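Dumped input00.txt below, it's compact mmCIF, C-alpha atoms:
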```
# COMPACT_ATOMS: atom_id res chain seq x y z
CA MET X 478 -4.97 -26.95 20.63
CA ILE X 479 -2.17 -26.96 23.21
CA ILE X 480 0.36 -25.93 20.57
CA LEU X 481 -1.92 -23.14 19.34
CA GLU X 482 -2.39 -21.93 22.90
CA GLN X 483 1.37 -21.85 23.46
CA LEU X 484 2.04 -20.04 20.19
CA PHE X 485 -0.76 -17.48 20.23
CA HIS X 486 -1.91 -17.21 23.89
CA LEU X 487 -5.57 -17.48 22.91
CA ARG X 488 -6.98 -17.54 26.45
CA GLU X 489 -4.86 -14.59 27.54
CA ASN X 490 -6.21 -12.60 24.60
CA ARG X 491 -9.78 -13.78 25.24
CA THR X 492 -10.26 -15.40 21.87
CA SER X 493 -10.67 -18.84 20.30
CA VAL X 494 -9.62 -20.75 17.18
CA ARG X 495 -13.10 -20.21 15.73
CA ARG X 496 -12.98 -16.44 16.27
CA GLU X 497 -9.50 -16.24 14.77
CA LEU X 498 -10.65 -18.27 11.74
CA ILE X 499 -13.62 -15.98 11.16
CA GLY X 500 -11.37 -12.94 11.63
CA GLY X 501 -8.82 -14.31 9.16
CA LEU X 502 -11.49 -15.11 6.57
CA THR X 503 -12.99 -11.64 6.94
CA THR X 504 -9.61 -9.96 6.52
CA PHE X 505 -8.79 -12.11 3.49
CA LEU X 506 -12.05 -11.26 1.73
CA ALA X 507 -11.54 -7.56 2.46
CA MET X 508 -8.02 -7.48 0.98
CA SER X 509 -8.25 -10.18 -1.70
CA TYR X 510 -8.70 -7.54 -4.41
CA ILE X 511 -4.90 -7.21 -4.40
CA LEU X 512 -4.68 -10.56 -6.22
CA ALA X 513 -6.31 -8.93 -9.22
CA VAL X 514 -5.08 -5.34 -8.89
CA ASN X 515 -1.37 -6.00 -8.32
CA PRO X 516 -0.82 -8.14 -11.45
CA GLU X 517 -2.83 -5.60 -13.46
CA LEU X 518 -0.70 -2.67 -12.24
CA LEU X 519 2.75 -4.29 -12.30
CA GLY X 520 1.90 -6.09 -15.53
CA SER X 521 1.79 -2.73 -17.32
CA THR X 522 5.53 -2.38 -16.65
CA GLY X 523 6.30 -5.38 -18.84
CA MET X 524 6.35 -7.92 -16.03
CA SER X 525 4.52 -11.22 -16.51
CA LYS X 526 1.05 -10.84 -14.97
CA THR X 527 0.83 -14.52 -14.03
CA ALA X 528 4.27 -14.39 -12.42
CA VAL X 529 3.27 -11.25 -10.48
CA PHE X 530 0.12 -13.10 -9.35
CA THR X 531 2.29 -15.85 -7.83
CA ALA X 532 4.78 -13.35 -6.40
CA THR X 533 1.92 -11.44 -4.77
CA ILE X 534 0.67 -14.64 -3.15
CA LEU X 535 4.15 -15.68 -1.98
CA ALA X 536 4.80 -12.25 -0.46
CA ALA X 537 1.41 -12.35 1.29
CA ILE X 538 1.95 -15.87 2.63
CA VAL X 539 5.41 -15.08 3.98
CA GLY X 540 4.32 -11.72 5.40
CA CYS X 541 1.22 -13.13 7.13
CA LEU X 542 3.13 -16.11 8.56
CA LEU X 543 5.84 -13.80 9.92
CA MET X 544 3.27 -11.46 11.42
CA GLY X 545 1.40 -14.36 12.96
CA LEU X 546 4.20 -16.62 14.17
CA VAL X 547 6.86 -14.03 15.06
CA ALA X 548 4.84 -11.00 16.18
CA ASN X 549 1.53 -12.70 17.14
CA PHE X 550 -0.26 -9.73 15.60
CA PRO X 551 -3.75 -9.87 13.95
CA VAL X 552 -2.51 -8.01 10.90
CA ALA X 553 -2.28 -9.32 7.33
CA LEU X 554 0.47 -8.32 4.91
CA ALA X 555 0.58 -8.19 1.11
CA PRO X 556 2.03 -5.92 -1.60
CA GLY X 557 0.64 -2.50 -0.79
CA MET X 558 -1.63 -0.22 -2.76
CA GLY X 559 0.02 3.11 -3.47
CA LEU X 560 3.50 1.66 -3.45
CA ASN X 561 2.63 -0.54 -6.43
CA ALA X 562 1.26 2.55 -8.19
CA PHE X 563 4.48 4.46 -7.48
CA PHE X 564 6.49 1.47 -8.73
CA THR X 565 4.50 1.31 -11.97
CA TYR X 566 3.56 4.84 -12.97
CA THR X 567 6.45 6.87 -11.57
CA VAL X 568 9.53 4.65 -11.37
CA VAL X 569 9.05 2.52 -14.49
CA GLN X 570 6.75 4.45 -16.82
CA GLU X 571 7.69 8.07 -16.03
CA TRP X 572 11.37 7.70 -15.12
CA HIS X 573 11.99 4.83 -17.57
CA ILE X 574 13.77 2.73 -14.96
CA PRO X 575 13.64 -0.99 -15.89
CA TRP X 576 11.34 -2.99 -13.63
CA GLN X 577 14.27 -5.22 -12.70
CA THR X 578 16.16 -2.22 -11.30
CA ALA X 579 13.02 -0.97 -9.58
CA LEU X 580 12.74 -4.33 -7.80
CA ALA X 581 16.36 -3.92 -6.71
CA GLY X 582 15.34 -0.59 -5.20
CA VAL X 583 12.54 -2.30 -3.27
CA PHE X 584 15.04 -4.89 -2.01
CA VAL X 585 17.44 -2.21 -0.72
CA ALA X 586 14.57 -0.29 0.91
CA GLY X 587 13.58 -3.53 2.64
CA ILE X 588 17.13 -4.04 3.94
CA LEU X 589 17.15 -0.47 5.29
CA PHE X 590 13.80 -1.15 6.93
CA ILE X 591 15.18 -4.30 8.58
CA LEU X 592 18.23 -2.44 9.90
CA LEU X 593 15.99 0.31 11.23
CA THR X 594 13.69 -2.11 13.07
CA LEU X 595 16.71 -3.75 14.70
CA SER X 596 17.95 -0.39 16.00
CA LYS X 597 16.64 2.06 18.54
CA LEU X 598 16.23 4.68 15.83
CA ARG X 599 12.93 3.17 14.62
CA ASP X 600 10.49 5.15 16.76
CA LYS X 601 12.62 8.30 16.60
CA LEU X 602 12.67 8.35 12.81
CA ILE X 603 8.91 7.83 12.62
CA ASN X 604 8.38 10.73 15.01
CA LEU X 605 10.77 13.04 13.14
CA ILE X 606 8.37 13.34 10.19
CA PRO X 607 5.56 15.80 11.05
CA SER X 608 2.21 14.09 11.52
CA ALA X 609 0.54 16.44 9.06
CA LEU X 610 2.87 15.33 6.27
CA LYS X 611 2.35 11.65 7.13
CA TYR X 612 -1.39 12.10 6.76
CA ALA X 613 -0.97 14.21 3.63
CA VAL X 614 1.19 11.54 1.98
CA SER X 615 -1.43 8.88 2.69
CA ALA X 616 -4.29 11.08 1.46
CA GLY X 617 -2.31 12.13 -1.62
CA ILE X 618 -1.68 8.52 -2.54
CA GLY X 619 -5.41 7.95 -2.14
CA LEU X 620 -6.14 10.69 -4.68
CA PHE X 621 -3.49 9.27 -7.00
CA ILE X 622 -4.87 5.73 -6.82
CA ALA X 623 -8.45 6.90 -7.40
CA PHE X 624 -7.39 8.97 -10.40
CA SER X 625 -5.46 6.06 -11.89
CA GLY X 626 -8.59 3.91 -11.55
CA LEU X 627 -10.66 6.52 -13.37
CA GLN X 628 -8.03 6.87 -16.08
CA THR X 629 -7.19 3.23 -16.80
CA SER X 630 -10.89 2.39 -17.04
CA GLY X 631 -11.47 5.14 -19.61
CA ILE X 632 -13.84 7.19 -17.45
CA ILE X 633 -11.31 10.04 -17.51
CA VAL X 634 -9.21 10.63 -20.64
CA ALA X 635 -6.56 13.09 -21.83
CA ASN X 636 -7.82 16.33 -23.34
CA LYS X 637 -5.77 18.95 -25.21
CA SER X 638 -7.87 21.88 -24.01
CA ASN X 639 -8.44 20.99 -20.37
CA ALA X 640 -5.76 18.35 -19.71
CA VAL X 641 -8.44 15.82 -18.72
CA ALA X 642 -12.09 15.21 -19.56
CA LEU X 643 -14.83 12.60 -19.37
CA GLY X 644 -14.31 9.58 -21.59
CA ASN X 645 -16.79 7.97 -23.95
CA LEU X 646 -19.79 7.21 -21.75
CA HIS X 647 -21.30 5.10 -24.53
CA SER X 648 -18.39 2.65 -24.47
CA PRO X 649 -19.40 -0.75 -23.03
CA THR X 650 -16.10 -0.96 -21.13
CA VAL X 651 -16.58 2.48 -19.55
CA LEU X 652 -20.19 1.68 -18.66
CA LEU X 653 -19.06 -1.56 -17.04
CA ALA X 654 -16.49 0.35 -14.96
CA ILE X 655 -19.12 2.87 -13.84
CA PHE X 656 -21.47 0.01 -12.93
CA GLY X 657 -18.67 -1.61 -10.92
CA ILE X 658 -17.91 1.61 -9.05
CA ILE X 659 -21.56 2.07 -8.10
CA VAL X 660 -21.95 -1.55 -6.96
CA GLY X 661 -18.67 -1.48 -5.00
CA ILE X 662 -19.56 1.77 -3.25
CA MET X 663 -23.01 0.45 -2.35
CA LEU X 664 -21.55 -2.73 -0.85
CA VAL X 665 -18.87 -0.94 1.16
CA THR X 666 -21.39 1.69 2.34
CA ALA X 667 -23.64 -1.15 3.52
CA ASN X 668 -20.67 -2.61 5.46
CA VAL X 669 -20.79 -5.88 3.51
CA THR X 670 -17.84 -8.06 4.47
CA GLY X 671 -15.35 -8.08 1.60
CA GLY X 672 -17.39 -5.40 -0.20
CA ILE X 673 -14.52 -4.42 -2.51
CA PHE X 674 -13.95 -8.05 -3.50
CA TRP X 675 -17.64 -8.79 -4.11
CA GLY X 676 -18.00 -5.59 -6.10
CA MET X 677 -15.24 -6.75 -8.44
CA PHE X 678 -16.76 -10.23 -8.61
CA ILE X 679 -20.19 -8.90 -9.63
CA THR X 680 -18.65 -6.51 -12.17
CA ALA X 681 -16.64 -9.30 -13.80
CA ALA X 682 -19.72 -11.56 -13.90
CA VAL X 683 -21.84 -8.86 -15.56
CA GLY X 684 -19.01 -8.15 -18.02
CA MET X 685 -18.91 -11.82 -19.05
CA ILE X 686 -22.71 -12.07 -19.31
CA PHE X 687 -22.85 -9.14 -21.75
CA GLY X 688 -19.76 -10.21 -23.69
CA ILE X 689 -17.66 -7.22 -22.62
CA ILE X 690 -15.13 -9.52 -20.95
CA PRO X 691 -14.13 -12.84 -22.55
CA LEU X 692 -14.83 -16.00 -20.56
CA PRO X 693 -11.81 -17.57 -18.79
CA THR X 694 -10.32 -20.73 -20.28
CA GLY X 695 -10.60 -22.43 -16.89
CA ILE X 696 -11.01 -21.88 -13.16
CA ILE X 697 -8.47 -24.08 -11.39
CA SER X 698 -4.92 -24.74 -12.58
CA GLY X 699 -1.41 -25.26 -11.37
CA VAL X 700 0.36 -22.36 -9.72
CA PRO X 701 1.90 -20.07 -12.39
CA SER X 702 5.68 -19.96 -12.47
CA VAL X 703 7.35 -17.01 -10.78
CA GLN X 704 10.59 -17.71 -12.66
CA PRO X 705 10.38 -14.74 -15.12
CA ILE X 706 10.69 -12.25 -12.24
CA PHE X 707 12.15 -14.25 -9.35
CA GLY X 708 15.56 -13.03 -8.12
CA GLN X 709 15.75 -10.08 -10.51
CA ALA X 710 15.94 -7.72 -7.53
CA VAL X 711 19.21 -9.31 -6.41
CA THR X 712 20.85 -9.75 -9.82
CA HIS X 713 20.23 -6.08 -10.70
CA LEU X 714 21.58 -4.51 -7.51
CA GLY X 715 24.54 -3.25 -9.52
CA ASN X 716 22.19 -0.97 -11.50
CA ILE X 717 21.51 1.17 -8.45
CA ASN X 718 24.08 3.79 -9.38
CA SER X 719 22.16 7.03 -9.84
CA PHE X 720 20.74 9.86 -7.73
CA GLN X 721 17.36 9.03 -9.20
CA MET X 722 17.49 5.52 -7.73
CA ILE X 723 18.41 6.97 -4.34
CA ILE X 724 15.17 8.99 -4.49
CA VAL X 725 13.30 5.82 -5.45
CA ILE X 726 14.74 3.87 -2.51
CA LEU X 727 14.06 6.72 -0.05
CA THR X 728 10.46 6.98 -1.27
CA PHE X 729 9.88 3.23 -0.94
CA PHE X 730 11.48 3.32 2.49
CA ILE X 731 9.67 6.37 3.87
CA ILE X 732 6.20 5.55 2.53
CA GLY X 733 6.57 1.89 3.50
CA LEU X 734 7.63 2.85 7.03
CA PHE X 735 4.72 5.26 7.52
CA ASP X 736 2.22 2.89 5.96
CA THR X 737 3.21 -0.13 8.03
CA SER X 738 3.67 1.70 11.34
CA GLY X 739 0.45 3.68 10.92
CA THR X 740 -1.59 0.59 10.10
CA LEU X 741 -0.09 -1.38 12.98
CA VAL X 742 -0.98 1.37 15.45
CA GLY X 743 -4.50 1.65 14.03
CA VAL X 744 -5.19 -2.09 14.15
CA ALA X 745 -3.57 -2.43 17.59
CA THR X 746 -5.79 0.35 18.93
CA GLU X 747 -8.86 -1.37 17.50
CA ALA X 748 -7.77 -4.69 19.05
CA GLY X 749 -7.01 -3.19 22.47
CA MET X 750 -3.28 -3.92 22.19
CA VAL X 751 -2.12 -0.45 23.25
CA ASP X 752 -0.80 -0.06 26.78
CA LYS X 753 -3.10 2.44 28.51
CA GLU X 754 -0.33 3.90 30.68
CA SER X 755 2.62 4.18 28.28
CA GLY X 756 0.67 4.37 25.04
CA GLU X 757 3.03 1.81 23.51
CA VAL X 758 1.84 -0.90 21.15
CA LYS X 759 2.58 -4.37 22.48
CA GLY X 760 4.97 -6.26 20.21
CA VAL X 761 5.26 -3.46 17.65
CA GLY X 762 9.01 -4.08 17.21
CA LYS X 763 8.51 -7.68 16.07
CA ALA X 764 5.58 -6.60 13.89
CA LEU X 765 7.66 -3.94 12.12
CA PHE X 766 10.50 -6.43 11.66
CA SER X 767 8.04 -8.88 10.09
CA GLY X 768 6.88 -6.20 7.67
CA ALA X 769 10.45 -5.26 6.78
CA LEU X 770 11.49 -8.86 6.14
CA ALA X 771 8.33 -9.43 4.08
CA THR X 772 9.18 -6.44 1.87
CA THR X 773 12.71 -7.73 1.30
CA LEU X 774 11.61 -11.26 0.45
CA GLY X 775 8.72 -9.93 -1.63
CA ALA X 776 11.21 -8.04 -3.78
CA VAL X 777 13.11 -11.29 -4.35
CA PHE X 778 9.86 -12.99 -5.39
CA GLY X 779 9.21 -10.11 -7.79
CA THR X 780 6.72 -7.63 -6.38
CA SER X 781 6.49 -4.08 -5.05
CA PRO X 782 6.80 -3.39 -1.28
CA THR X 783 4.79 -5.58 1.10
CA THR X 784 2.95 -3.72 3.81
CA ALA X 785 0.37 -4.09 6.59
CA TYR X 786 -3.23 -3.89 5.39
CA VAL X 787 -5.70 -1.58 7.10
CA GLU X 788 -8.39 -4.08 6.03
CA SER X 789 -7.12 -6.13 8.97
CA THR X 790 -9.40 -3.97 11.12
CA SER X 791 -12.36 -5.80 9.56
CA GLY X 792 -11.00 -9.07 10.97
CA VAL X 793 -10.39 -7.45 14.35
CA ALA X 794 -13.96 -6.14 14.32
CA VAL X 795 -15.32 -9.70 14.21
CA GLY X 796 -13.04 -10.99 16.96
CA ALA X 797 -9.46 -11.54 15.73
CA ARG X 798 -6.99 -10.78 18.52
CA THR X 799 -3.86 -12.83 17.77
CA GLY X 800 -1.49 -13.84 15.01
CA LEU X 801 -3.50 -17.02 14.43
CA SER X 802 -5.86 -14.95 12.25
CA SER X 803 -2.85 -13.89 10.14
CA VAL X 804 -1.83 -17.54 9.75
CA PHE X 805 -5.33 -18.32 8.49
CA VAL X 806 -5.02 -15.45 5.97
CA ALA X 807 -1.75 -17.01 4.75
CA LEU X 808 -3.49 -20.37 4.25
CA LEU X 809 -6.31 -18.71 2.27
CA PHE X 810 -3.77 -16.97 0.01
CA ALA X 811 -2.12 -20.36 -0.57
CA ILE X 812 -5.47 -21.82 -1.67
CA ALA X 813 -6.05 -18.82 -3.95
CA ALA X 814 -2.83 -19.65 -5.82
CA PHE X 815 -4.66 -22.39 -7.74
CA PHE X 816 -7.22 -20.01 -9.26
CA SER X 817 -4.97 -18.01 -11.61
CA PRO X 818 -7.09 -18.57 -14.80
CA ILE X 819 -9.68 -16.24 -13.33
CA LEU X 820 -7.13 -13.42 -13.73
CA THR X 821 -8.09 -13.05 -17.40
CA VAL X 822 -11.48 -11.61 -16.45
CA ILE X 823 -9.97 -9.02 -14.11
CA THR X 824 -9.64 -6.08 -16.50
CA SER X 825 -9.08 -2.38 -15.74
CA ALA X 826 -12.86 -1.90 -15.82
CA VAL X 827 -13.18 -4.45 -13.02
CA THR X 828 -10.35 -3.09 -10.85
CA ALA X 829 -11.46 0.55 -11.18
CA SER X 830 -13.89 0.25 -8.27
CA ALA X 831 -11.20 -1.19 -5.96
CA LEU X 832 -8.74 1.59 -6.79
CA ILE X 833 -11.33 4.32 -6.25
CA ILE X 834 -12.76 2.91 -3.02
CA VAL X 835 -9.29 2.37 -1.52
CA GLY X 836 -8.46 5.93 -2.60
CA ILE X 837 -11.52 7.26 -0.79
CA LEU X 838 -10.61 5.36 2.37
CA MET X 839 -7.04 6.69 2.29
CA LEU X 840 -8.27 10.24 1.77
CA SER X 841 -10.00 10.14 5.16
CA ASN X 842 -6.63 10.97 6.75
CA VAL X 843 -7.08 14.65 5.85
CA GLN X 844 -9.28 14.97 8.94
CA TYR X 845 -6.16 14.74 11.12
CA ILE X 846 -4.44 17.72 9.46
CA ASP X 847 -4.83 21.09 11.18
CA TRP X 848 -6.04 23.15 8.23
CA THR X 849 -6.50 26.23 10.43
CA LYS X 850 -2.72 26.69 10.60
CA PHE X 851 -1.61 27.96 7.18
CA GLU X 852 2.03 26.94 7.71
CA ILE X 853 0.80 23.35 8.09
CA ALA X 854 -1.93 23.52 5.45
CA VAL X 855 0.43 24.66 2.67
CA PRO X 856 2.87 21.70 2.65
CA ALA X 857 0.00 19.26 3.25
CA PHE X 858 -1.97 20.71 0.34
CA PHE X 859 0.98 20.70 -2.06
CA THR X 860 1.90 17.13 -1.08
CA MET X 861 -1.56 15.92 -2.07
CA ILE X 862 -2.31 18.08 -5.09
CA MET X 863 1.11 17.66 -6.70
CA MET X 864 0.93 13.88 -6.44
CA LEU X 865 -2.24 14.09 -8.49
CA LEU X 866 -1.29 16.80 -10.98
CA THR X 867 2.26 15.62 -11.66
CA TYR X 868 1.08 12.01 -11.74
CA SER X 869 4.01 11.25 -9.47
CA ILE X 870 3.85 10.20 -5.82
CA SER X 871 7.51 11.03 -5.19
CA GLU X 872 7.32 14.51 -6.71
CA GLY X 873 4.27 15.36 -4.63
CA LEU X 874 6.08 14.17 -1.52
CA ALA X 875 9.13 16.20 -2.54
CA VAL X 876 7.18 19.45 -2.99
CA GLY X 877 5.51 19.06 0.39
CA PHE X 878 8.81 18.35 2.12
CA ILE X 879 10.33 21.47 0.54
CA PHE X 880 7.50 23.76 1.60
CA TYR X 881 7.33 22.58 5.21
CA PRO X 882 10.63 24.11 6.45
CA ILE X 883 9.89 27.30 4.47
CA THR X 884 6.43 28.00 5.89
CA MET X 885 7.42 26.96 9.41
CA THR X 886 10.43 29.31 9.30
CA VAL X 887 8.42 32.27 8.01
CA LYS X 888 5.88 31.65 10.78
CA GLY X 889 8.70 31.78 13.34
CA ARG X 890 8.46 28.07 14.15
CA TRP X 891 11.83 27.12 12.66
CA ARG X 892 12.94 25.50 15.92
CA GLU X 893 10.24 22.86 15.37
CA VAL X 894 11.85 21.81 12.07
CA ASN X 895 14.27 18.98 12.80
CA ALA X 896 17.52 18.17 10.99
CA LEU X 897 15.90 15.38 8.97
CA MET X 898 13.36 17.76 7.43
CA TRP X 899 16.07 20.30 6.51
CA THR X 900 18.10 17.50 4.95
CA MET X 901 15.13 16.21 2.99
CA MET X 902 14.41 19.71 1.72
CA VAL X 903 17.96 20.02 0.35
CA VAL X 904 17.85 16.53 -1.18
CA PHE X 905 14.59 17.23 -2.98
CA ILE X 906 15.73 20.63 -4.23
CA LEU X 907 18.80 18.92 -5.72
CA TYR X 908 16.49 16.33 -7.23
CA PHE X 909 14.39 18.98 -9.02
CA ALA X 910 17.53 20.84 -10.10
CA PHE X 911 19.45 17.94 -11.57
CA VAL X 912 17.14 14.94 -12.05
CA ALA X 913 13.50 15.88 -12.68
```

If you convert what's in this file into structure tokens, what do you get?
Amino acid sequence: MIILEQLFHLRENRTSVRRELIGGLTTFLAMSYILAVNPELLGSTGMSKTAVFTATILAAIVGCLLMGLVANFPVALAPGMGLNAFFTYTVVQEWHIPWQTALAGVFVAGILFILLTLSKLRDKLINLIPSALKYAVSAGIGLFIAFSGLQTSGIIVANKSNAVALGNLHSPTVLLAIFGIIVGIMLVTANVTGGIFWGMFITAAVGMIFGIIPLPTGIISGVPSVQPIFGQAVTHLGNINSFQMIIVILTFFIIGLFDTSGTLVGVATEAGMVDKESGEVKGVGKALFSGALATTLGAVFGTSPTTAYVESTSGVAVGARTGLSSVFVALLFAIAAFFSPILTVITSAVTASALIIVGILMLSNVQYIDWTKFEIAVPAFFTMIMMLLTYSISEGLAVGFIFYPITMTVKGRWREVNALMWTMMVVFILYFAFVA
């Protein structure tokens, strides 16, 4: 107890080991869906699903331990939703970049993130991107994730006349996905702890009962080897030799920075860790460094960028106030490593509800965009809608970043457009002209 008090300052933060344990367990249950969703998404790139499962756990363990022991922050880390979708659907499947090279891009983005957190440019760079575009990027990714859940489950299918249409509603797999979405939404609406996780659990159980999903060959086993994907990020650094990969790295870097910093501020506010006079978040520098290092090491393990999870607010809501809760989350992820056989029952029909519910939660950020100002509404709208319609997170981001300087200039607000935004506009125009 003395060691825990020295490490986490429990009394100072008016908490206890019991409260931190309950907070950690709550956070873990709320975010544990990533153990099923991440292997399913990255596995479609050709990566070994079982290896991705282990890489996901390793990245989460390292990230949570760093956040707990270095930053003493009640925030859990794991490979992030949205970034794994960009990795899979845009970088690998659309741009035909090998997953090994994509991991190298994640590694470089992580290094850039580390360098940024060690410099005084960190807060300045975050503030240089207009708030409206930050919220639009998050909301757009939410739409993208929700659509991918509808599509991979077969609820929405391609259609020659209308581009997309409803799938076969008589298909057992589609019906199972719809059932899962309804159950998941009901649980989350009722504020059930770990509602997303339990929704997936119930859906998988029903699928096995009715023979839609085959029974697993076991429940507990040894930890799957990460060898097929471990270290590929480092050995393929030499393949980062194109303008397209620069766009990939910038996208990983920018979205990862916004995602982590935004979540940290949100959780810190909920936990009362924001200085009332200065408005600064206590220990945010160490927390951002922990996230940056976790992303870099996660790439070495073999997974998409690691980021702070907004589900950490559920742990804070039940009392978590220190990094001890994050350490408990790391221990729970370590225990979960021995349950890999269950992965076989986590099909696209089961994960659809998680993707859609997370998408809905991310879409809530539109409330912070000032839609009454057309010069702001235009780039925000195009950022979101183009992510969905082009099926590309980076291209949606690019269109929004191009429109922002244009509409602000026409409105006579060109002085509010900083050098970074002008530079990004030129970069993305060159991208569309010579790469896309």

Select from range 578-647 of chain X every residue with an atom at most 12 Å from any atom of range 548-564 of chain X, then for each give the shortest pair of atoms and their distance in Å to one decimal, using all atoms listed in the file, rows by chain and rising number, as CSV.
```
residue,atom,partner,partner_atom,distance
X:Thr578,CA,X:Phe564,CA,10.7
X:Ala579,CA,X:Phe564,CA,7.0
X:Leu580,CA,X:Phe564,CA,8.6
X:Ala581,CA,X:Phe564,CA,11.4
X:Gly582,CA,X:Phe564,CA,9.7
X:Val583,CA,X:Phe564,CA,9.0
X:Val614,CA,X:Gly559,CA,10.1
X:Ser615,CA,X:Gly559,CA,8.6
X:Ala616,CA,X:Gly559,CA,10.3
X:Gly617,CA,X:Gly559,CA,9.5
X:Ile618,CA,X:Gly559,CA,5.7
X:Gly619,CA,X:Gly559,CA,7.4
X:Leu620,CA,X:Gly559,CA,9.8
X:Phe621,CA,X:Gly559,CA,7.9
X:Ile622,CA,X:Gly559,CA,6.5
X:Ala623,CA,X:Gly559,CA,10.1
X:Phe624,CA,X:Ala562,CA,11.0
X:Ser625,CA,X:Ala562,CA,8.4
X:Gly626,CA,X:Ala562,CA,10.5
```

Selection near Ile690 in chain X, 8 Å with all atoms listed in the file, sequence-local residues under 6 positions removed, as a ChimeraX atom specification: /X:681,684,822,824

Separation of CA of Leu546 in chain X and CA of Ser781 in chain X, in Å? 23.1 Å

Would you work out the distance separating CA of Ile846 in chain X from CA of Thr565 in chain X, expressed in Å to one decimal?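 Interatomic distance here is 28.4 Å.
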
For range 801-865 of chain X against range 889-893 of chain X, with a cut-off of 12 Å and counting only C-alpha atoms, what is the closest atom pair and its distance in Å to one decimal for every residue that makes the cut, ordered by chain and number, as a Markdown table?
```
| residue | atom | partner | partner_atom | distance |
| --- | --- | --- | --- | --- |
| X:Lys850 | CA | X:Arg890 | CA | 11.8 |
| X:Glu852 | CA | X:Arg890 | CA | 9.2 |
| X:Ile853 | CA | X:Arg890 | CA | 10.8 |
```

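For the choices X:Ala532, X:Ala682, X:Ala748, X:Val660, the atom-to-atom distance to Ile834 in chain X is smallest for X:Val660 when using only C-alpha atoms.
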
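Put simply, CA of Pro882 in chain X is 23.8 Å away from CA of Tyr868 in chain X.
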
Quick one: everything within 9 Å of Ser791 in chain X, counting all atoms listed in the file, minus sequence neighbours fewer than 6 positions away in the same chain. Send it as a ChimeraX atom specification. /X:500,503-504,507,670-671,797

I need the residue nearest Arg495 in chain X from this list: X:Ile632, X:Val761, X:Ile658, X:Val795. Use all atoms listed in the file for the distance. X:Val795

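Neighbourhood of point (21.1, -0.5, -11.1): residues with an atom at most 10 Å away, counting all atoms listed in the file, are Ile574, Pro575, Gln577, Thr578, Ala579, Leu580, Ala581, Gly582, Ala710, Thr712, His713, Leu714, Gly715, Asn716, Ile717, Asn718, Ser719 and Met722 of chain X.
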
From the list X:Ile538, X:Leu727, X:Ile633, X:Ile706, the nearest residue to Phe778 in chain X using only C-alpha atoms is X:Ile706

For Ala654 in chain X, which residue out of X:Val903, X:Leu512, X:Met677, X:Ala769 is the nearest one, using all atoms listed in the file? X:Met677

Nearest-residue call for Pro701 in chain X, choices X:Leu535, X:Ile686, X:Leu801, X:Leu643, using all atoms listed in the file: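 Smallest distance to Pro701 in chain X is found for X:Leu535.
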
Could you pull out every residue with an atom within 12 Å of (1.1, -26.9, -14.3), file coordinates, counting only C-alpha atoms, and send them as a PyMOL selection string? chain X and resi 697-702+814-818

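Nearest residue to Ala794 in chain X, choosing from X:Asn636, X:Gly749, X:Phe584, X:Leu874 and counting all atoms listed in the file: X:Gly749.
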
To box range 832-842 of chain X, take all atoms listed in the file, fit an axis-aligned box, add 5 Å on each side, and give centre and edge lengths in Å to one decimal, as AutoDock Vina command-line options.
```
--center_x -9.7 --center_y 6.3 --center_z 0.0 --size_x 16.1 --size_y 19.4 --size_z 23.5
```

Neighbour list for Leu498 in chain X as a list in words, cut-off 10 Å, all atoms listed in the file, skip fewer than 4 positions in-chain: Ser493, Val494, Leu502, Thr503, Thr504, Gly792, Gly796, Ala797, Leu801, Ser802, Ser803, Val804, Phe805 and Val806 of chain X

Can you write out the residues you just picked, keeping C-alpha atoms, as an mmCIF file, in the frame of the given file?
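And here is the file that came out, result_2.cif:
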```
data_model
loop_
_atom_site.group_PDB
_atom_site.id
_atom_site.type_symbol
_atom_site.label_atom_id
_atom_site.label_comp_id
_atom_site.auth_asym_id
_atom_site.auth_seq_id
_atom_site.Cartn_x
_atom_site.Cartn_y
_atom_site.Cartn_z
ATOM 1 C CA SER X 493 -10.670 -18.840 20.300
ATOM 2 C CA VAL X 494 -9.620 -20.750 17.180
ATOM 3 C CA LEU X 502 -11.490 -15.110 6.570
ATOM 4 C CA THR X 503 -12.990 -11.640 6.940
ATOM 5 C CA THR X 504 -9.610 -9.960 6.520
ATOM 6 C CA GLY X 792 -11.000 -9.070 10.970
ATOM 7 C CA GLY X 796 -13.040 -10.990 16.960
ATOM 8 C CA ALA X 797 -9.460 -11.540 15.730
ATOM 9 C CA LEU X 801 -3.500 -17.020 14.430
ATOM 10 C CA SER X 802 -5.860 -14.950 12.250
ATOM 11 C CA SER X 803 -2.850 -13.890 10.140
ATOM 12 C CA VAL X 804 -1.830 -17.540 9.750
ATOM 13 C CA PHE X 805 -5.330 -18.320 8.490
ATOM 14 C CA VAL X 806 -5.020 -15.450 5.970
#
```
